[in-house]
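Here's the structure, in structure tokens; my notes come after.
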Amino acid sequence: MLVSEIKKYLEVILNKHSSGNTLSPQEFNLLMSSGIYGFVKSQVMQYRQYINGQQPVDDVIATALLYESLQKSQAVTLTAGAFTLPTDMLMMTDLYGTSGSLKEIELVSPEEYPKRLHNMLGKPLNYYPIAYIEGTSCKVVPSNMTSLTISYIAKPVVPFMDYYVDADYNIVPLAASATHELATGETGSLGQAVGVTVTSLTVELNLPEDSHQLFADYLMGKMALRDRDANLYQGVTNEKATD
């Protein structure tokens, strides 16, 4: 699905066209940019729970393809007991290292980390190493571990829909990399006027095609929740006005 098609899908399902209150491009782009990371994280968590036998997934193939398309692994080296996280990392999935033998390193919270270091009744850290993330780095104990490998989910490209406004004030989406010479009465998304040739800034989803519908439905859920809350607030306001 193109991002413009996702916008139309949301408007039809949420009855925006019937009410005459369509999504503005700014509102739609904000919805996509604020939702893309949350969508990927939710899909990754669902898939990992599914492969561990914890819960079913609505669309296993689409979720698996999304997971595989964004999964990366790379070797890292400890410096003073820490390593710098990949700049394109959205979320860590696994961390392994060698300390006598290959071991899975447990990722704990920064608050849990000092407690585990000083808990004499806890697991010996040489046999059960731990790590925590702080800012752009990851601290690992024991610090003499070698052959570290991090597996993670990379950040997807943030989608964006560019457009121009025609002489009848209609929003006309622009395909990615498309060009359009603005005619009389037309305005570019950045305020460009007649005679200017605009080059589209549209960024399409870089996720597998099978997952586009899942993303559209995820955004629809966010929009429905917002509209429901707005309608509830308006209903309460109207009720108060009649009392």
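Here's how to read the names in the structure tokens: chain A, B, ... by the order shown, residue numbers from 1 in each chain, ligand numbers from 1 in the order shown.
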Using DSSP on the backbone, list every residue of segment 38-232 of chain A that comes out as alpha helix (DSSP H), and give them as a ChimeraX atom specification. /A:38-51,60-70,112-117,212-232
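Within 9 Å of segment 211-221 of chain A, once only C-alpha atoms are used and residues closer than 6 positions along the same chain are dropped, the contacting residues are A:Met1, A:Leu2, A:Ile6, A:Lys7, A:Tyr9, A:Leu10, A:Ile13, A:Leu14, A:Leu31, A:Met32, A:Gly35, A:Ile36, A:Phe39, A:Val40, A:Asp59, A:Ile61, A:Ala62, A:Thr63, A:Leu65, A:Leu66, A:Leu205.
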I'd like to know which residues of segment 44-241 of chain A are strand (DSSP E or B) (by DSSP, run on the backbone); could you write them as a tab-separated table (two decimals) with C-alpha atoms, in the first residue's frame?
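This went into part_12.tsv:
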```tsv
chain	number	residue	atom	x	y	z
A	71	GLN	CA	16.47	-8.16	12.18
A	72	LYS	CA	20.23	-7.58	12.20
A	73	SER	CA	23.24	-9.08	13.97
A	74	GLN	CA	26.75	-7.74	14.40
A	75	ALA	CA	29.88	-8.37	16.42
A	76	VAL	CA	30.75	-5.81	19.10
A	79	THR	CA	35.84	-1.21	25.89
A	82	ALA	CA	30.84	-1.50	27.58
A	83	PHE	CA	30.09	-1.20	23.89
A	84	THR	CA	28.34	1.42	21.76
A	89	MET	CA	18.87	-0.03	16.60
A	90	LEU	CA	15.21	0.18	17.60
A	91	MET	CA	15.23	-2.64	20.15
A	92	MET	CA	17.67	-5.36	21.23
A	93	THR	CA	16.49	-8.94	20.85
A	94	ASP	CA	19.51	-11.03	21.93
A	95	LEU	CA	23.04	-10.61	23.25
A	96	TYR	CA	25.63	-13.39	23.40
A	97	GLY	CA	29.26	-13.53	24.49
A	98	THR	CA	32.05	-15.91	25.42
A	102	LEU	CA	29.19	-19.20	24.77
A	103	LYS	CA	26.53	-17.66	27.01
A	104	GLU	CA	23.36	-15.67	26.57
A	106	GLU	CA	20.57	-11.26	30.27
A	107	LEU	CA	19.46	-7.68	29.68
A	130	ILE	CA	24.12	-9.47	32.67
A	131	ALA	CA	23.98	-6.17	30.83
A	132	TYR	CA	22.01	-2.93	30.86
A	133	ILE	CA	21.51	-0.08	28.42
A	134	GLU	CA	22.34	3.48	29.36
A	137	SER	CA	25.98	2.31	25.28
A	138	CYS	CA	25.52	-1.10	26.88
A	139	LYS	CA	27.38	-2.16	30.04
A	140	VAL	CA	28.28	-5.87	30.36
A	141	VAL	CA	29.42	-7.94	33.37
A	146	THR	CA	34.80	-11.86	24.21
A	147	SER	CA	33.16	-12.67	20.88
A	148	LEU	CA	30.12	-10.58	21.71
A	149	THR	CA	27.27	-10.61	19.19
A	150	ILE	CA	24.21	-8.38	19.37
A	151	SER	CA	20.96	-9.17	17.56
A	152	TYR	CA	18.52	-6.31	17.20
A	153	ILE	CA	15.60	-4.86	15.29
A	154	ALA	CA	16.62	-1.94	13.10
A	160	PHE	CA	5.82	10.60	4.95
A	162	ASP	CA	3.98	14.88	0.35
A	163	TYR	CA	1.29	16.69	-1.63
A	164	TYR	CA	0.15	19.87	-3.33
A	165	VAL	CA	-3.17	21.75	-3.14
A	171	ILE	CA	-5.17	17.69	-1.44
A	172	VAL	CA	-3.33	15.84	-4.23
A	173	PRO	CA	-0.76	13.28	-2.97
A	174	LEU	CA	2.59	13.08	-4.73
A	179	THR	CA	7.81	16.04	-9.90
A	180	HIS	CA	4.96	18.45	-10.58
A	181	GLU	CA	4.93	21.95	-12.03
A	187	THR	CA	0.21	25.54	-3.91
A	188	GLY	CA	3.00	23.22	-2.87
A	197	THR	CA	8.39	22.54	-10.15
A	198	VAL	CA	8.21	20.63	-6.89
A	199	THR	CA	9.97	17.33	-6.23
A	203	VAL	CA	8.69	8.35	1.76
```
Minimum-distance residue to Asn170 of chain A, chosen among A:Ser24, A:Gly81, A:Ser109, A:Asn144 (using only C-alpha atoms):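 Checking each of A:Ser24, A:Gly81, A:Ser109, A:Asn144 against Asn170 of chain A, counting only C-alpha atoms, the winner is A:Ser24.
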Residues at most 9 Å from Ala64 of chain A, counting only C-alpha atoms, excluding those fewer than 4 positions away in the same chain, as a PyMOL selection string? chain A and resi 43-44+47+59-60+68-69
Can you tell me, as a VMD selection string, what residues are no more than 7 Å from Ala176 of chain A when counting only C-alpha atoms, ignoring any on the same chain fewer than 6 positions away? chain A and resid 200 to 204
Rounded to one decimal place, report the atom CA of Pro156 of chain A-atom CA of Asp88 of chain A distance in Å.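 Distance reported for this atom pair: 8.7 Å.
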